[in-house]
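Asks: The following block contains the structure, expressed as structure tokens.
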Amino acid sequence: MSRLPLHDAPGVLTTDQRHALEAQAAAYALDALDDEETAQFEQHLATCSLCRQLVAEAVIAVSYLPSLVGPHEASQVLQERMLAAARAHPEACAPAERRLVPATAERRESERRRPWWQRLRPGGEPALAWATVVLLLCMLGLGTWSASLRQQVQVQAARAAQYEAALETVAGGRVVALAPASAAAPRTARVALIVPPAGSGEPPRLVISNLAPPAPDRSYQLWLIDGQTPRDAGVFRSRGATAEIVPVQGDPSRATAAAITIEPAGGSRAPTAPPILAALLPPP
Amino acid sequence: MTDLAAAARQMAIGADGKWRGGATGCAAASIGAASDATLLWLIGARDGAALEALYERHHRVAMGLAMRLLRNRQEAEDVVQEAFLTVWRQAATYRAERGSVRNWLLSIVHHGAVSQLRQHRQVQRPTTMDKPTPELPDETEADVLGQAVRHMEAERVRAALLALPAEQREALRLAYFSGLTCQQIADHARVPLGTVKGRLRLALQKLRRSLQAESLA
């Protein structure tokens, strides 16, 4: 292995020395070191926090590469073989600290991991929000809340009412609520795609509420997905808290899914970012 | 067998020799909804149902990666089997700050596939990174939205790779998808070893900045 620059004191590394360490970390993260170099570098990593950090950064980039290959079904025998081998070695794991998963974190993770179509109830989410607001308002009447909490509840009630009112203006079609599709997705936004009945002559529309405006150089873009191909269905900027109705371009009746991404201002020909909100569209 | 191992066996396996369906008493319904991190914690507690759930969730992408490198179904299945067994044995050593469970699993698969490749001293035929390698269609995949999201993600990564200088992209391809060592890449490209490592450094740096910046937009 080429000798790594001495770096017990990272602050005194030259640029070339830093680059040499980064290059070694990159090669290691890609499994591109031979066996001898790998063993030597792993021995070094055990005592060097700087190189461990550099490897962690390289691994972030490497983790994108498997998305270039498609999934491949394995034989049923593989699962049986794997489980049989695990059954043959049920002894405890190698001794190491085991972090207990906090109950609250597990509940949040459990809710997040539910398939989004189990969380979607057309018209259900706004109703639940409204019911919650009503309950909170009842509790307010008992005088058990502080003035600041009272104000927050009133704001939420107003937003929920605006959202419900906007939905009522386009009633008569299928209402499909878009759910958060990534960790960066806005959790408090309410977005629903309204697909009018066939032959009604009504255009499809998007009802949005509490969706924060994107950065000044960005726009939201709606995509309707036919199988695997996303079609541009409109670019928009939200007004934030106020509920609004956004026209949808194209016909969602043949689409199998809808998704919203954040794109450069004016939109893109094809999505350049993963979706933040998405939903399957039930067949007409 | 130690007392601890005997206790683990008693917990995990029923009288019929099959998993007791959760050494930790976790119901099947909640197992399926649990996060990867939770599944890993349960696997560390010797919960076989959690291992099954993790396998069901990730074995397709693991097989895809192994097949891409090895081009041999039996060898790919061997590598994937060993990867899940490694997870079974080392679940307690996983740390979230090292990345997601999925990425940890795929790094184990990649390492195993590369070791297998080098053992056979195979050199992959050059294929372009510009288009995905044709894969057998996964006819059991019913998650249309999941497919669409994966397709969009693949296009995003492909665009970021195409934005790299050709020599950096080629070095990355030979290292990750062909399993070559830096020295082998240097011999292939007829450049110094340090040049290859520098290209890999720059390629990964640009990839990370490009794709992380888009995710935060």
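In the structure tokens, chains take letters A, B, ... by order of appearance, with residues numbered from 1 within each chain and ligands from 1 in the order shown.
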Output as CSV one row per residue of chain B within 6 Å of chain A: the closest atom pair and its distance in Å to one decimal place, counting only C-alpha atoms, sorted by chain and residue number ascending.
Replies:
```
residue,atom,partner,partner_atom,distance
B:Ala5,CA,A:Glu91,CA,4.4
B:Ala8,CA,A:Glu91,CA,5.8
B:Arg9,CA,A:Pro90,CA,5.6
B:Ala33,CA,A:Arg113,CA,5.3
B:Ala34,CA,A:Ser110,CA,4.9
B:Ser35,CA,A:Glu109,CA,5.6
B:Arg60,CA,A:Pro71,CA,4.8
B:Val61,CA,A:Pro71,CA,4.4
B:Met63,CA,A:His72,CA,5.4
B:Gly64,CA,A:His72,CA,4.6
B:Gln81,CA,A:Met82,CA,5.5
B:Arg89,CA,A:Cys93,CA,5.4
B:Ala92,CA,A:Arg98,CA,5.8
B:Asn103,CA,A:Ser63,CA,5.9
B:Ala148,CA,A:Gln228,CA,4.7
B:Ala154,CA,A:Leu68,CA,5.2
B:Arg156,CA,A:Thr272,CA,5.8
B:Ala175,CA,A:Ala32,CA,5.6
B:Tyr176,CA,A:Leu30,CA,5.7
B:Thr181,CA,A:Ala32,CA,4.3
B:Cys182,CA,A:Ala32,CA,5.5
B:Lys197,CA,A:Ala23,CA,5.1
B:Gly198,CA,A:Ala23,CA,5.6
B:Arg201,CA,A:Ala23,CA,4.7
B:Leu204,CA,A:Ala61,CA,5.5
B:Leu207,CA,A:Ala61,CA,5.8
B:Arg208,CA,A:Ala61,CA,4.7
B:Glu214,CA,A:Ala273,CA,5.9
```
Asks: Within 12 Å of Asn72 of chain B, counting only C-alpha atoms, which residues qualify if same-chain residues fewer than 5 places away don't, as a list in words?
Replies: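 Final neighbour list, sorted by chain and number: Ala74 of chain A; Met63, Gly64, Leu65, Ala66, Met67, Glu77, Asp78, Val79, Ala113, Gln116, Leu117, Gln122 and Gln124 of chain B.
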Asks: What residues in segment 36-187 of chain B get the DSSP label helix (DSSP H, G or I)? Please answer as an MDAnalysis selection string.
Replies: chainID B and resid 36:44 48:70 73:93 96:98 101:120 144:162 166:176 182:187
Asks: In Å, how far is it from atom CA of Val248 of chain A to atom CA of Ser219 of chain A?
Replies: 14.7 Å
Asks: Closest to Leu222 of chain A among A:Ser253, A:Asn210, A:Thr14, A:Ser268, using only C-alpha atoms?
Replies: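 Under the stated criterion, the closest residue is A:Ser268.
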Asks: Using atom CA of Pro247 of chain A and atom CA of Glu155 of chain B as the two end points, give the distance in Å to one decimal.
Replies: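 Computed distance, atom CA of Pro247 of chain A to atom CA of Glu155 of chain B, equals 27.2 Å.
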Asks: May I ask for the distance between atom CA of Gln205 of chain B and atom CA of Ala159 of chain B, given in Å to one decimal place?
Replies: 15.2 Å
